[in-house]
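Below is the file my_file-v5.pdb, which contains PDB, C-alpha atoms, pLDDT in the B column.
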```
ATOM      1  CA  MET U   1      70.280 -51.547 -40.499  1.00 44.00           C
ATOM      2  CA  ARG U   2      71.643 -55.041 -39.891  1.00 45.00           C
ATOM      3  CA  PRO U   3      72.181 -56.280 -36.316  1.00 51.00           C
ATOM      4  CA  HIS U   4      75.695 -57.039 -35.161  1.00 47.00           C
ATOM      5  CA  ALA U   5      76.702 -60.684 -35.351  1.00 41.00           C
ATOM      6  CA  ALA U   6      75.569 -62.664 -32.343  1.00 43.00           C
ATOM      7  CA  LEU U   7      78.208 -63.330 -29.714  1.00 40.00           C
ATOM      8  CA  PRO U   8      79.822 -66.776 -29.282  1.00 39.00           C
ATOM      9  CA  ALA U   9      77.753 -69.540 -27.725  1.00 44.00           C
ATOM     10  CA  HIS U  10      77.040 -68.944 -24.062  1.00 47.00           C
ATOM     11  CA  PRO U  11      74.934 -71.036 -21.681  1.00 59.00           C
ATOM     12  CA  ARG U  12      72.713 -68.051 -20.900  1.00 79.00           C
ATOM     13  CA  GLN U  13      72.767 -66.005 -24.076  1.00 92.00           C
ATOM     14  CA  LEU U  14      69.456 -64.792 -25.487  1.00 96.00           C
ATOM     15  CA  VAL U  15      68.791 -63.108 -28.817  1.00 97.00           C
ATOM     16  CA  VAL U  16      65.644 -61.031 -28.301  1.00 98.00           C
ATOM     17  CA  ALA U  17      63.483 -58.827 -30.500  1.00 98.00           C
ATOM     18  CA  SER U  18      60.444 -56.692 -29.680  1.00 98.00           C
ATOM     19  CA  TYR U  19      58.162 -55.498 -32.461  1.00 98.00           C
ATOM     20  CA  ASN U  20      54.799 -53.798 -32.866  1.00 98.00           C
ATOM     21  CA  ILE U  21      53.773 -55.393 -36.182  1.00 97.00           C
ATOM     22  CA  HIS U  22      50.795 -53.088 -36.895  1.00 95.00           C
ATOM     23  CA  LYS U  23      48.534 -56.128 -37.480  1.00 92.00           C
ATOM     24  CA  GLY U  24      50.657 -57.315 -40.370  1.00 90.00           C
ATOM     25  CA  LEU U  25      49.860 -54.282 -42.525  1.00 90.00           C
ATOM     26  CA  SER U  26      52.154 -51.664 -44.058  1.00 89.00           C
ATOM     27  CA  PRO U  27      52.464 -48.304 -42.242  1.00 85.00           C
ATOM     28  CA  LEU U  28      49.515 -46.796 -44.156  1.00 83.00           C
ATOM     29  CA  ASN U  29      47.435 -50.028 -44.059  1.00 79.00           C
ATOM     30  CA  ARG U  30      47.528 -50.412 -47.840  1.00 82.00           C
ATOM     31  CA  ARG U  31      49.386 -53.715 -48.155  1.00 90.00           C
ATOM     32  CA  LEU U  32      49.542 -57.011 -46.311  1.00 93.00           C
ATOM     33  CA  VAL U  33      53.185 -57.416 -45.298  1.00 93.00           C
ATOM     34  CA  LEU U  34      52.896 -60.273 -42.799  1.00 95.00           C
ATOM     35  CA  HIS U  35      54.758 -62.667 -45.092  1.00 96.00           C
ATOM     36  CA  ASP U  36      57.652 -60.210 -45.323  1.00 96.00           C
ATOM     37  CA  VAL U  37      57.610 -59.784 -41.541  1.00 97.00           C
ATOM     38  CA  ARG U  38      57.951 -63.542 -41.143  1.00 96.00           C
ATOM     39  CA  HIS U  39      60.908 -63.671 -43.513  1.00 96.00           C
ATOM     40  CA  ALA U  40      62.631 -60.704 -41.848  1.00 97.00           C
ATOM     41  CA  LEU U  41      62.197 -62.147 -38.349  1.00 97.00           C
ATOM     42  CA  ASN U  42      63.565 -65.499 -39.496  1.00 95.00           C
ATOM     43  CA  GLN U  43      66.710 -63.738 -40.698  1.00 95.00           C
ATOM     44  CA  LEU U  44      67.333 -62.494 -37.157  1.00 94.00           C
ATOM     45  CA  ALA U  45      67.351 -66.087 -35.823  1.00 94.00           C
ATOM     46  CA  PRO U  46      65.850 -64.936 -32.493  1.00 96.00           C
ATOM     47  CA  ASP U  47      65.391 -66.930 -29.327  1.00 97.00           C
ATOM     48  CA  MET U  48      62.371 -64.810 -28.370  1.00 98.00           C
ATOM     49  CA  VAL U  49      60.227 -62.246 -30.158  1.00 98.00           C
ATOM     50  CA  PHE U  50      57.816 -60.028 -28.209  1.00 98.00           C
ATOM     51  CA  LEU U  51      55.031 -58.933 -30.571  1.00 98.00           C
ATOM     52  CA  GLN U  52      52.334 -56.288 -30.176  1.00 98.00           C
ATOM     53  CA  GLU U  53      49.254 -55.545 -32.317  1.00 96.00           C
ATOM     54  CA  VAL U  54      49.044 -59.142 -33.464  1.00 97.00           C
ATOM     55  CA  GLN U  55      45.796 -59.920 -35.271  1.00 93.00           C
ATOM     56  CA  GLY U  56      44.079 -63.054 -34.042  1.00 87.00           C
ATOM     57  CA  VAL U  57      41.017 -62.783 -36.291  1.00 84.00           C
ATOM     58  CA  HIS U  58      39.715 -60.113 -38.674  1.00 85.00           C
ATOM     59  CA  LEU U  59      36.755 -61.086 -40.831  1.00 77.00           C
ATOM     60  CA  ALA U  60      36.973 -58.157 -43.249  1.00 79.00           C
ATOM     61  CA  HIS U  61      40.711 -58.447 -43.877  1.00 79.00           C
ATOM     62  CA  SER U  62      40.318 -62.133 -44.619  1.00 79.00           C
ATOM     63  CA  HIS U  63      38.204 -61.096 -47.633  1.00 80.00           C
ATOM     64  CA  ARG U  64      40.240 -58.034 -48.574  1.00 88.00           C
ATOM     65  CA  PHE U  65      43.617 -59.801 -48.787  1.00 81.00           C
ATOM     66  CA  GLU U  66      43.931 -63.027 -50.746  1.00 81.00           C
ATOM     67  CA  THR U  67      46.808 -64.352 -48.616  1.00 82.00           C
ATOM     68  CA  TRP U  68      45.463 -63.161 -45.239  1.00 76.00           C
ATOM     69  CA  GLN U  69      46.466 -65.343 -42.277  1.00 85.00           C
ATOM     70  CA  GLN U  70      44.268 -65.685 -39.216  1.00 84.00           C
ATOM     71  CA  ALA U  71      46.140 -66.364 -35.955  1.00 94.00           C
ATOM     72  CA  GLN U  72      49.135 -64.332 -37.062  1.00 94.00           C
ATOM     73  CA  HIS U  73      51.268 -65.549 -34.142  1.00 95.00           C
ATOM     74  CA  GLU U  74      51.028 -69.134 -35.371  1.00 96.00           C
ATOM     75  CA  TYR U  75      51.962 -68.143 -38.905  1.00 96.00           C
ATOM     76  CA  LEU U  76      54.956 -66.103 -37.725  1.00 97.00           C
ATOM     77  CA  ALA U  77      56.149 -68.937 -35.487  1.00 97.00           C
ATOM     78  CA  GLY U  78      56.019 -71.438 -38.340  1.00 95.00           C
ATOM     79  CA  ASP U  79      57.631 -74.801 -37.640  1.00 92.00           C
ATOM     80  CA  LEU U  80      60.671 -73.376 -35.856  1.00 90.00           C
ATOM     81  CA  LEU U  81      59.239 -71.516 -32.883  1.00 97.00           C
ATOM     82  CA  HIS U  82      56.671 -72.015 -30.138  1.00 98.00           C
ATOM     83  CA  SER U  83      54.018 -69.324 -29.724  1.00 98.00           C
ATOM     84  CA  ALA U  84      51.445 -67.909 -27.323  1.00 98.00           C
ATOM     85  CA  TYR U  85      48.828 -65.216 -27.928  1.00 97.00           C
ATOM     86  CA  GLY U  86      47.060 -62.929 -25.481  1.00 96.00           C
ATOM     87  CA  LYS U  87      43.761 -61.606 -26.848  1.00 94.00           C
ATOM     88  CA  ASN U  88      43.183 -58.059 -25.573  1.00 93.00           C
ATOM     89  CA  ALA U  89      41.148 -55.873 -27.948  1.00 84.00           C
ATOM     90  CA  HIS U  90      37.765 -57.316 -29.011  1.00 84.00           C
ATOM     91  CA  TYR U  91      35.490 -55.905 -31.743  1.00 87.00           C
ATOM     92  CA  HIS U  92      32.745 -57.216 -34.004  1.00 84.00           C
ATOM     93  CA  LEU U  93      35.170 -58.110 -36.830  1.00 87.00           C
ATOM     94  CA  GLY U  94      37.750 -59.849 -34.666  1.00 83.00           C
ATOM     95  CA  HIS U  95      40.424 -59.285 -32.040  1.00 81.00           C
ATOM     96  CA  HIS U  96      44.125 -58.512 -31.585  1.00 85.00           C
ATOM     97  CA  GLY U  97      46.664 -58.522 -28.778  1.00 95.00           C
ATOM     98  CA  ASN U  98      50.215 -59.458 -27.792  1.00 98.00           C
ATOM     99  CA  ALA U  99      52.157 -62.594 -28.678  1.00 98.00           C
ATOM    100  CA  LEU U 100      55.412 -64.312 -27.834  1.00 98.00           C
ATOM    101  CA  LEU U 101      57.452 -66.426 -30.233  1.00 98.00           C
ATOM    102  CA  SER U 102      60.039 -68.621 -28.525  1.00 98.00           C
ATOM    103  CA  ARG U 103      62.725 -71.076 -29.506  1.00 97.00           C
ATOM    104  CA  TYR U 104      62.168 -72.669 -26.103  1.00 97.00           C
ATOM    105  CA  PRO U 105      59.098 -74.678 -25.066  1.00 98.00           C
ATOM    106  CA  ILE U 106      56.431 -72.634 -23.289  1.00 98.00           C
ATOM    107  CA  LEU U 107      55.669 -74.375 -19.995  1.00 98.00           C
ATOM    108  CA  HIS U 108      52.789 -72.097 -19.025  1.00 97.00           C
ATOM    109  CA  TRP U 109      51.259 -68.832 -20.167  1.00 98.00           C
ATOM    110  CA  ASP U 110      48.756 -66.384 -18.762  1.00 97.00           C
ATOM    111  CA  ASN U 111      47.246 -63.205 -20.187  1.00 96.00           C
ATOM    112  CA  PHE U 112      46.191 -60.681 -17.561  1.00 93.00           C
ATOM    113  CA  ASP U 113      44.094 -57.605 -18.108  1.00 94.00           C
ATOM    114  CA  LEU U 114      45.540 -54.087 -18.022  1.00 96.00           C
ATOM    115  CA  THR U 115      42.427 -52.375 -19.376  1.00 94.00           C
ATOM    116  CA  LEU U 116      41.533 -49.165 -17.530  1.00 94.00           C
ATOM    117  CA  HIS U 117      38.735 -47.874 -19.776  1.00 91.00           C
ATOM    118  CA  ARG U 118      36.782 -48.992 -22.819  1.00 87.00           C
ATOM    119  CA  PHE U 119      38.748 -46.868 -25.290  1.00 89.00           C
ATOM    120  CA  GLU U 120      41.994 -48.868 -24.893  1.00 91.00           C
ATOM    121  CA  GLN U 121      41.847 -52.601 -24.256  1.00 94.00           C
ATOM    122  CA  ARG U 122      45.270 -53.686 -23.048  1.00 94.00           C
ATOM    123  CA  GLY U 123      46.913 -56.715 -21.492  1.00 95.00           C
ATOM    124  CA  ALA U 124      50.191 -58.381 -20.576  1.00 97.00           C
ATOM    125  CA  LEU U 125      51.165 -61.860 -21.761  1.00 98.00           C
ATOM    126  CA  HIS U 126      53.277 -63.814 -19.252  1.00 98.00           C
ATOM    127  CA  CYS U 127      55.095 -66.955 -20.435  1.00 98.00           C
ATOM    128  CA  GLN U 128      57.335 -69.353 -18.544  1.00 98.00           C
ATOM    129  CA  LEU U 129      59.937 -70.918 -20.828  1.00 98.00           C
ATOM    130  CA  ASP U 130      61.870 -74.155 -20.429  1.00 97.00           C
ATOM    131  CA  VAL U 131      65.517 -73.433 -21.288  1.00 95.00           C
ATOM    132  CA  ALA U 132      67.724 -76.523 -21.269  1.00 91.00           C
ATOM    133  CA  ASP U 133      70.250 -76.661 -18.402  1.00 89.00           C
ATOM    134  CA  TRP U 134      68.807 -73.625 -16.625  1.00 93.00           C
ATOM    135  CA  ASP U 135      67.943 -74.216 -12.982  1.00 92.00           C
ATOM    136  CA  GLN U 136      64.604 -72.395 -13.224  1.00 94.00           C
ATOM    137  CA  PRO U 137      62.223 -71.195 -15.942  1.00 97.00           C
ATOM    138  CA  LEU U 138      62.823 -68.020 -17.907  1.00 97.00           C
ATOM    139  CA  HIS U 139      59.956 -65.552 -17.472  1.00 98.00           C
ATOM    140  CA  ALA U 140      58.918 -63.391 -20.442  1.00 98.00           C
ATOM    141  CA  LEU U 141      56.249 -60.686 -20.336  1.00 98.00           C
ATOM    142  CA  CYS U 142      54.971 -58.906 -23.449  1.00 98.00           C
ATOM    143  CA  VAL U 143      53.003 -55.687 -22.932  1.00 98.00           C
ATOM    144  CA  HIS U 144      51.312 -52.821 -24.764  1.00 97.00           C
ATOM    145  CA  LEU U 145      50.413 -49.857 -22.564  1.00 97.00           C
ATOM    146  CA  ASN U 146      48.017 -46.931 -22.919  1.00 96.00           C
ATOM    147  CA  LEU U 147      48.606 -43.586 -24.606  1.00 95.00           C
ATOM    148  CA  ARG U 148      47.905 -41.413 -21.533  1.00 96.00           C
ATOM    149  CA  ALA U 149      50.755 -40.985 -19.037  1.00 96.00           C
ATOM    150  CA  GLY U 150      48.491 -41.370 -16.001  1.00 96.00           C
ATOM    151  CA  ASP U 151      47.128 -44.639 -17.378  1.00 96.00           C
ATOM    152  CA  ARG U 152      50.647 -45.967 -18.010  1.00 97.00           C
ATOM    153  CA  ARG U 153      51.693 -45.261 -14.439  1.00 97.00           C
ATOM    154  CA  LYS U 154      48.673 -47.180 -13.156  1.00 97.00           C
ATOM    155  CA  GLN U 155      49.398 -50.077 -15.516  1.00 97.00           C
ATOM    156  CA  ILE U 156      53.019 -50.260 -14.384  1.00 97.00           C
ATOM    157  CA  GLY U 157      51.734 -50.413 -10.808  1.00 97.00           C
ATOM    158  CA  ILE U 158      49.560 -53.390 -11.775  1.00 97.00           C
ATOM    159  CA  LEU U 159      52.506 -55.035 -13.537  1.00 97.00           C
ATOM    160  CA  VAL U 160      54.811 -54.526 -10.560  1.00 98.00           C
ATOM    161  CA  ASP U 161      52.267 -56.085  -8.212  1.00 97.00           C
ATOM    162  CA  TYR U 162      51.744 -59.045 -10.563  1.00 97.00           C
ATOM    163  CA  ILE U 163      55.471 -59.711 -10.972  1.00 98.00           C
ATOM    164  CA  GLN U 164      56.145 -59.461  -7.243  1.00 98.00           C
ATOM    165  CA  ARG U 165      53.371 -61.983  -6.530  1.00 97.00           C
ATOM    166  CA  HIS U 166      53.962 -64.456  -9.383  1.00 97.00           C
ATOM    167  CA  ILE U 167      57.658 -64.411 -10.307  1.00 98.00           C
ATOM    168  CA  PRO U 168      60.506 -65.287  -7.891  1.00 97.00           C
ATOM    169  CA  ALA U 169      62.849 -62.384  -7.237  1.00 95.00           C
ATOM    170  CA  ASP U 170      65.869 -64.403  -8.434  1.00 95.00           C
ATOM    171  CA  ALA U 171      64.213 -65.686 -11.638  1.00 96.00           C
ATOM    172  CA  PRO U 172      65.569 -64.511 -15.018  1.00 96.00           C
ATOM    173  CA  LEU U 173      63.059 -62.046 -16.448  1.00 98.00           C
ATOM    174  CA  VAL U 174      62.542 -60.097 -19.682  1.00 98.00           C
ATOM    175  CA  LEU U 175      59.729 -57.538 -19.983  1.00 98.00           C
ATOM    176  CA  ALA U 176      59.353 -56.022 -23.446  1.00 98.00           C
ATOM    177  CA  GLY U 177      56.847 -54.340 -25.697  1.00 98.00           C
ATOM    178  CA  ASP U 178      55.265 -51.062 -26.717  1.00 98.00           C
ATOM    179  CA  PHE U 179      55.194 -48.942 -23.562  1.00 98.00           C
ATOM    180  CA  ASN U 180      54.118 -45.704 -25.314  1.00 97.00           C
ATOM    181  CA  ASP U 181      56.410 -44.007 -22.784  1.00 96.00           C
ATOM    182  CA  TRP U 182      57.608 -41.065 -24.854  1.00 91.00           C
ATOM    183  CA  ARG U 183      57.918 -39.035 -21.647  1.00 91.00           C
ATOM    184  CA  GLY U 184      60.444 -41.478 -20.132  1.00 93.00           C
ATOM    185  CA  GLU U 185      58.730 -41.975 -16.777  1.00 95.00           C
ATOM    186  CA  LEU U 186      58.566 -45.752 -16.397  1.00 97.00           C
ATOM    187  CA  SER U 187      62.179 -46.918 -16.171  1.00 97.00           C
ATOM    188  CA  ALA U 188      62.680 -45.405 -12.725  1.00 97.00           C
ATOM    189  CA  MET U 189      59.564 -47.183 -11.425  1.00 97.00           C
ATOM    190  CA  LEU U 190      60.700 -50.575 -12.731  1.00 98.00           C
ATOM    191  CA  ALA U 191      64.223 -50.103 -11.383  1.00 97.00           C
ATOM    192  CA  GLN U 192      62.974 -49.066  -7.951  1.00 97.00           C
ATOM    193  CA  HIS U 193      60.396 -51.791  -7.436  1.00 97.00           C
ATOM    194  CA  LEU U 194      61.738 -54.712  -9.499  1.00 97.00           C
ATOM    195  CA  ASP U 195      65.450 -54.007 -10.052  1.00 97.00           C
ATOM    196  CA  MET U 196      64.792 -54.164 -13.798  1.00 98.00           C
ATOM    197  CA  HIS U 197      66.810 -52.085 -16.257  1.00 98.00           C
ATOM    198  CA  GLU U 198      66.185 -51.138 -19.870  1.00 98.00           C
ATOM    199  CA  ALA U 199      68.579 -52.602 -22.451  1.00 98.00           C
ATOM    200  CA  PHE U 200      69.159 -49.450 -24.513  1.00 98.00           C
ATOM    201  CA  GLU U 201      69.478 -47.203 -21.466  1.00 98.00           C
ATOM    202  CA  THR U 202      72.025 -49.624 -19.989  1.00 97.00           C
ATOM    203  CA  LEU U 203      74.158 -49.810 -23.140  1.00 97.00           C
ATOM    204  CA  HIS U 204      73.609 -46.404 -24.765  1.00 98.00           C
ATOM    205  CA  GLY U 205      72.365 -44.157 -21.954  1.00 97.00           C
ATOM    206  CA  ALA U 206      68.885 -43.547 -23.411  1.00 96.00           C
ATOM    207  CA  PRO U 207      65.860 -45.538 -24.629  1.00 96.00           C
ATOM    208  CA  ALA U 208      65.640 -46.425 -28.311  1.00 96.00           C
ATOM    209  CA  ARG U 209      63.929 -44.105 -30.783  1.00 97.00           C
ATOM    210  CA  SER U 210      61.649 -46.481 -32.640  1.00 97.00           C
ATOM    211  CA  PHE U 211      58.630 -44.511 -33.927  1.00 96.00           C
ATOM    212  CA  PRO U 212      57.761 -43.584 -36.608  1.00 95.00           C
ATOM    213  CA  VAL U 213      59.849 -46.113 -38.474  1.00 94.00           C
ATOM    214  CA  ARG U 214      60.958 -43.855 -41.364  1.00 92.00           C
ATOM    215  CA  MET U 215      62.215 -41.135 -39.023  1.00 93.00           C
ATOM    216  CA  PRO U 216      62.323 -42.550 -35.484  1.00 94.00           C
ATOM    217  CA  LEU U 217      61.844 -39.791 -32.937  1.00 95.00           C
ATOM    218  CA  LEU U 218      59.787 -41.234 -30.075  1.00 97.00           C
ATOM    219  CA  THR U 219      60.986 -43.753 -27.495  1.00 97.00           C
ATOM    220  CA  LEU U 220      57.898 -45.961 -27.332  1.00 97.00           C
ATOM    221  CA  ASP U 221      59.358 -49.489 -27.337  1.00 98.00           C
ATOM    222  CA  ARG U 222      61.465 -51.013 -24.557  1.00 98.00           C
ATOM    223  CA  VAL U 223      63.291 -54.171 -23.448  1.00 98.00           C
ATOM    224  CA  TYR U 224      63.643 -54.436 -19.662  1.00 98.00           C
ATOM    225  CA  VAL U 225      65.757 -57.203 -18.107  1.00 98.00           C
ATOM    226  CA  ARG U 226      66.617 -58.698 -14.750  1.00 97.00           C
ATOM    227  CA  GLY U 227      69.389 -61.246 -14.296  1.00 95.00           C
ATOM    228  CA  PHE U 228      71.127 -60.411 -17.606  1.00 96.00           C
ATOM    229  CA  GLN U 229      73.814 -58.165 -18.996  1.00 96.00           C
ATOM    230  CA  VAL U 230      73.199 -56.424 -22.313  1.00 98.00           C
ATOM    231  CA  SER U 231      75.766 -57.124 -25.046  1.00 97.00           C
ATOM    232  CA  VAL U 232      73.955 -55.652 -28.066  1.00 97.00           C
ATOM    233  CA  ALA U 233      71.005 -53.253 -28.346  1.00 98.00           C
ATOM    234  CA  GLU U 234      69.949 -51.895 -31.744  1.00 98.00           C
ATOM    235  CA  VAL U 235      66.975 -50.308 -33.497  1.00 97.00           C
ATOM    236  CA  LEU U 236      66.318 -51.952 -36.872  1.00 96.00           C
ATOM    237  CA  SER U 237      64.995 -48.996 -38.840  1.00 88.00           C
ATOM    238  CA  GLY U 238      66.490 -49.619 -42.283  1.00 89.00           C
ATOM    239  CA  ALA U 239      65.533 -52.088 -45.004  1.00 92.00           C
ATOM    240  CA  PRO U 240      63.414 -54.149 -44.942  1.00 95.00           C
ATOM    241  CA  TRP U 241      61.844 -52.905 -41.707  1.00 96.00           C
ATOM    242  CA  ARG U 242      60.899 -49.399 -42.864  1.00 94.00           C
ATOM    243  CA  ASN U 243      58.198 -50.866 -45.120  1.00 93.00           C
ATOM    244  CA  LEU U 244      56.738 -53.415 -42.682  1.00 96.00           C
ATOM    245  CA  SER U 245      55.188 -51.452 -39.785  1.00 96.00           C
ATOM    246  CA  ASP U 246      54.906 -47.965 -38.344  1.00 95.00           C
ATOM    247  CA  HIS U 247      57.295 -49.075 -35.548  1.00 97.00           C
ATOM    248  CA  ALA U 248      60.916 -50.188 -35.883  1.00 97.00           C
ATOM    249  CA  PRO U 249      61.759 -53.427 -34.069  1.00 98.00           C
ATOM    250  CA  LEU U 250      64.237 -53.557 -31.207  1.00 98.00           C
ATOM    251  CA  TYR U 251      67.032 -56.149 -31.235  1.00 98.00           C
ATOM    252  CA  ALA U 252      69.109 -57.151 -28.209  1.00 98.00           C
ATOM    253  CA  VAL U 253      71.606 -59.820 -27.197  1.00 98.00           C
ATOM    254  CA  LEU U 254      71.550 -60.649 -23.496  1.00 97.00           C
ATOM    255  CA  GLN U 255      74.077 -62.575 -21.407  1.00 94.00           C
ATOM    256  CA  GLY U 256      73.289 -64.242 -18.090  1.00 84.00           C
TER     257      GLY U 256
END
```

Please express the file's structure as structure tokens.
Amino acid sequence: MRPHAALPAHPRQLVVASYNIHKGLSPLNRRLVLHDVRHALNQLAPDMVFLQEVQGVHLAHSHRFETWQQAQHEYLAGDLLHSAYGKNAHYHLGHHGNALLSRYPILHWDNFDLTLHRFEQRGALHCQLDVADWDQPLHALCVHLNLRAGDRRKQIGILVDYIQRHIPADAPLVLAGDFNDWRGELSAMLAQHLDMHEAFETLHGAPARSFPVRMPLLTLDRVYVRGFQVSVAEVLSGAPWRNLSDHAPLYAVLQG
């Protein structure tokens, strides 16, 4: 599926994507597809990309795949985008986490821990972006939450507290990532405490079905916004995306 054409230039328009890239491997881990992911993302011409399961280092894969890239966020950003990486899951062969790619300079970034137990190491990457002619920074948070519903509710509580303490209530804010919220419990919490609303729910009445990519059934991935209207919200589940990860990416155009 191809995204709709971007809307005409607007002083506060953002083209946003959120994508669990499965560590740059094909859905069954047989092929390295990171180079194809980079090409596909470039075709979207995004202002921001929220990435989950980004491999920072993996010693075995660097020997298994001839064209393996360490620091995948830097490779995906290339020369066109700025990038930040939040290392969350650590193991003896390497680490992975969340990343943000941005057309705008990253003024400051912080990665804060959302880990509740040793079986799932999670975090949230918070970046402040310098957008020309905006009167304050744009705040972007990239997250990947736990599989258990009780854990996710606790992690959203931590996120709410962090945002209330660190981000002004009138600041433009985008919170996106893999929420693993197939039960649909988290949107009400974010609306109540932060006045944030999910892009697909706003435009289409329901969260996006984004997993598994070849037959999307579960609503795991989300794009929450504050201070924006949603002009476009699409799941990119066709070619080339169906061969690049087990998740389909989300694509949205936001207007301030």

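With only C-alpha atoms as the atoms that count, the minimum distance from Val235 (chain U) to the choices U:Ser62, U:Asn42, U:Ser210, U:Gln136 is reached by U:Ser210.
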
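What separates CA of Gln192 (chain U) from CA of Leu138 (chain U) is a distance of 21.4 Å.
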
Could you build a table of the residues in region 30-51 of chain U lying no more than 8 Å from region 237-253 of chain U, giving for each the nearest pair of atoms and their separation in Å rounded to one decimal place, using only C-alpha atoms, ordered by chain and ascending residue number, as JSON lines?
```
{"residue": "U:Val33", "atom": "CA", "partner": "U:Leu244", "partner_atom": "CA", "distance": 6.0}
{"residue": "U:Leu34", "atom": "CA", "partner": "U:Leu244", "partner_atom": "CA", "distance": 7.9}
{"residue": "U:Asp36", "atom": "CA", "partner": "U:Leu244", "partner_atom": "CA", "distance": 7.3}
{"residue": "U:Val37", "atom": "CA", "partner": "U:Leu244", "partner_atom": "CA", "distance": 6.5}
{"residue": "U:Ala40", "atom": "CA", "partner": "U:Pro240", "partner_atom": "CA", "distance": 7.3}
```

Expansion of the PyMOL selection byres ((chain U and resi 146) around 8) into residues, as a ChimeraX atom specification: /U:120,122,144-145,147-149,151-152,179-180

Can you turn the PyMOL selection byres ((chain U and resi 68-80) around 7) into a concrete residue list for this file, as a PDB file with C-alpha atoms, in the coordinates of the input?
```pdb
ATOM      1  CA  ARG U  38      57.951 -63.542 -41.143  1.00 96.00           C
ATOM      2  CA  VAL U  54      49.044 -59.142 -33.464  1.00 97.00           C
ATOM      3  CA  GLN U  55      45.796 -59.920 -35.271  1.00 93.00           C
ATOM      4  CA  GLY U  56      44.079 -63.054 -34.042  1.00 87.00           C
ATOM      5  CA  VAL U  57      41.017 -62.783 -36.291  1.00 84.00           C
ATOM      6  CA  HIS U  61      40.711 -58.447 -43.877  1.00 79.00           C
ATOM      7  CA  SER U  62      40.318 -62.133 -44.619  1.00 79.00           C
ATOM      8  CA  PHE U  65      43.617 -59.801 -48.787  1.00 81.00           C
ATOM      9  CA  GLU U  66      43.931 -63.027 -50.746  1.00 81.00           C
ATOM     10  CA  THR U  67      46.808 -64.352 -48.616  1.00 82.00           C
ATOM     11  CA  LEU U  81      59.239 -71.516 -32.883  1.00 97.00           C
ATOM     12  CA  HIS U  82      56.671 -72.015 -30.138  1.00 98.00           C
ATOM     13  CA  SER U  83      54.018 -69.324 -29.724  1.00 98.00           C
ATOM     14  CA  TYR U  85      48.828 -65.216 -27.928  1.00 97.00           C
ATOM     15  CA  ALA U  99      52.157 -62.594 -28.678  1.00 98.00           C
ATOM     16  CA  LEU U 101      57.452 -66.426 -30.233  1.00 98.00           C
TER      17      LEU U 101
END
```

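Of the listed residues U:Glu185, U:Gly177, U:Pro168, U:Gln255, the one whose atoms come nearest to Arg153 (chain U) is U:Glu185, with distances taken using all atoms listed in the file.
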
Run the PyMOL selection byres ((chain U and resi 219) around 6) mentally over the shown coordinates, then write out the matched residues as a ChimeraX atom specification, using the chain letters and numbers from the document. /U:182,207-210,218,220-221

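Proximity to Gly86 (chain U) was assessed for U:Pro216, U:Pro105, U:Gly123, U:Pro46 counting only C-alpha atoms; the smallest distance is recorded for U:Gly123.
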
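Computed from the coordinates, the CA of Val232 (chain U) to CA of Val15 (chain U) distance equals 9.1 Å.
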
Would you kindly return, as a ChimeraX atom specification, each protein, DNA or RNA residue with an atom no farther than 12 Å from any atom of Tyr162 (chain U), considering only C-alpha atoms and excluding same-chain residues fewer than 3 positions away? /U:110-114,124-126,141,155-159,165-168,193-194

So which residues fall inside 12 Å of (68.3, -66.6, -24.0) if we count all atoms listed in the file? Mind giving them as a PyMOL selection string? chain U and resi 6-7+9-17+45-49+102-104+129-134+137-140+172-174+225+227-230+252-256

From the list U:Pro212, U:Ser18, U:His90, U:His96, the nearest residue to Leu44 (chain U) using all atoms listed in the file is U:Ser18

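One finds CA of Cys127 (chain U) at 28.8 Å from CA of Pro27 (chain U).
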
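The residue that comes closest to Glu201 (chain U), out of U:Ala233, U:Leu51, U:Leu100, U:Val160 and on the basis of all atoms listed in the file, is U:Ala233.
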
Around all listed atoms of region 192-195 of chain U, padded 4 Å per side, what centre and edge lengths does the axis-aligned box have in Å to one decimal, as AutoDock Vina command-line options?
```
--center_x 62.9 --center_y -51.9 --center_z -8.7 --size_x 13.1 --size_y 13.6 --size_z 10.6
```

What's the 8 Å shell around Tyr224 (chain U), counting all atoms listed in the file, without same-chain residues fewer than 5 positions away, as a CSV table (one decimal) with C-alpha atoms, in the coordinates of the input?
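Written file, out_37.csv:
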```
chain,number,residue,atom,x,y,z
U,174,VAL,CA,62.5,-60.1,-19.7
U,175,LEU,CA,59.7,-57.5,-20.0
U,176,ALA,CA,59.4,-56.0,-23.4
U,196,MET,CA,64.8,-54.2,-13.8
U,197,HIS,CA,66.8,-52.1,-16.3
U,198,GLU,CA,66.2,-51.1,-19.9
U,199,ALA,CA,68.6,-52.6,-22.5
```

Using all atoms listed in the file, which protein or nucleic acid residues come within 7 Å of His58 (chain U)? Drop anything in the same chain fewer than 6 positions from it, and give the result as a list of chain:residue names. U:Leu93, U:Gly94, U:His95

Shortest interatomic distance to Gln128 (chain U) - which of U:Ile106, U:Ala191, U:Ile163, U:Cys142, counting all atoms listed in the file: U:Ile106
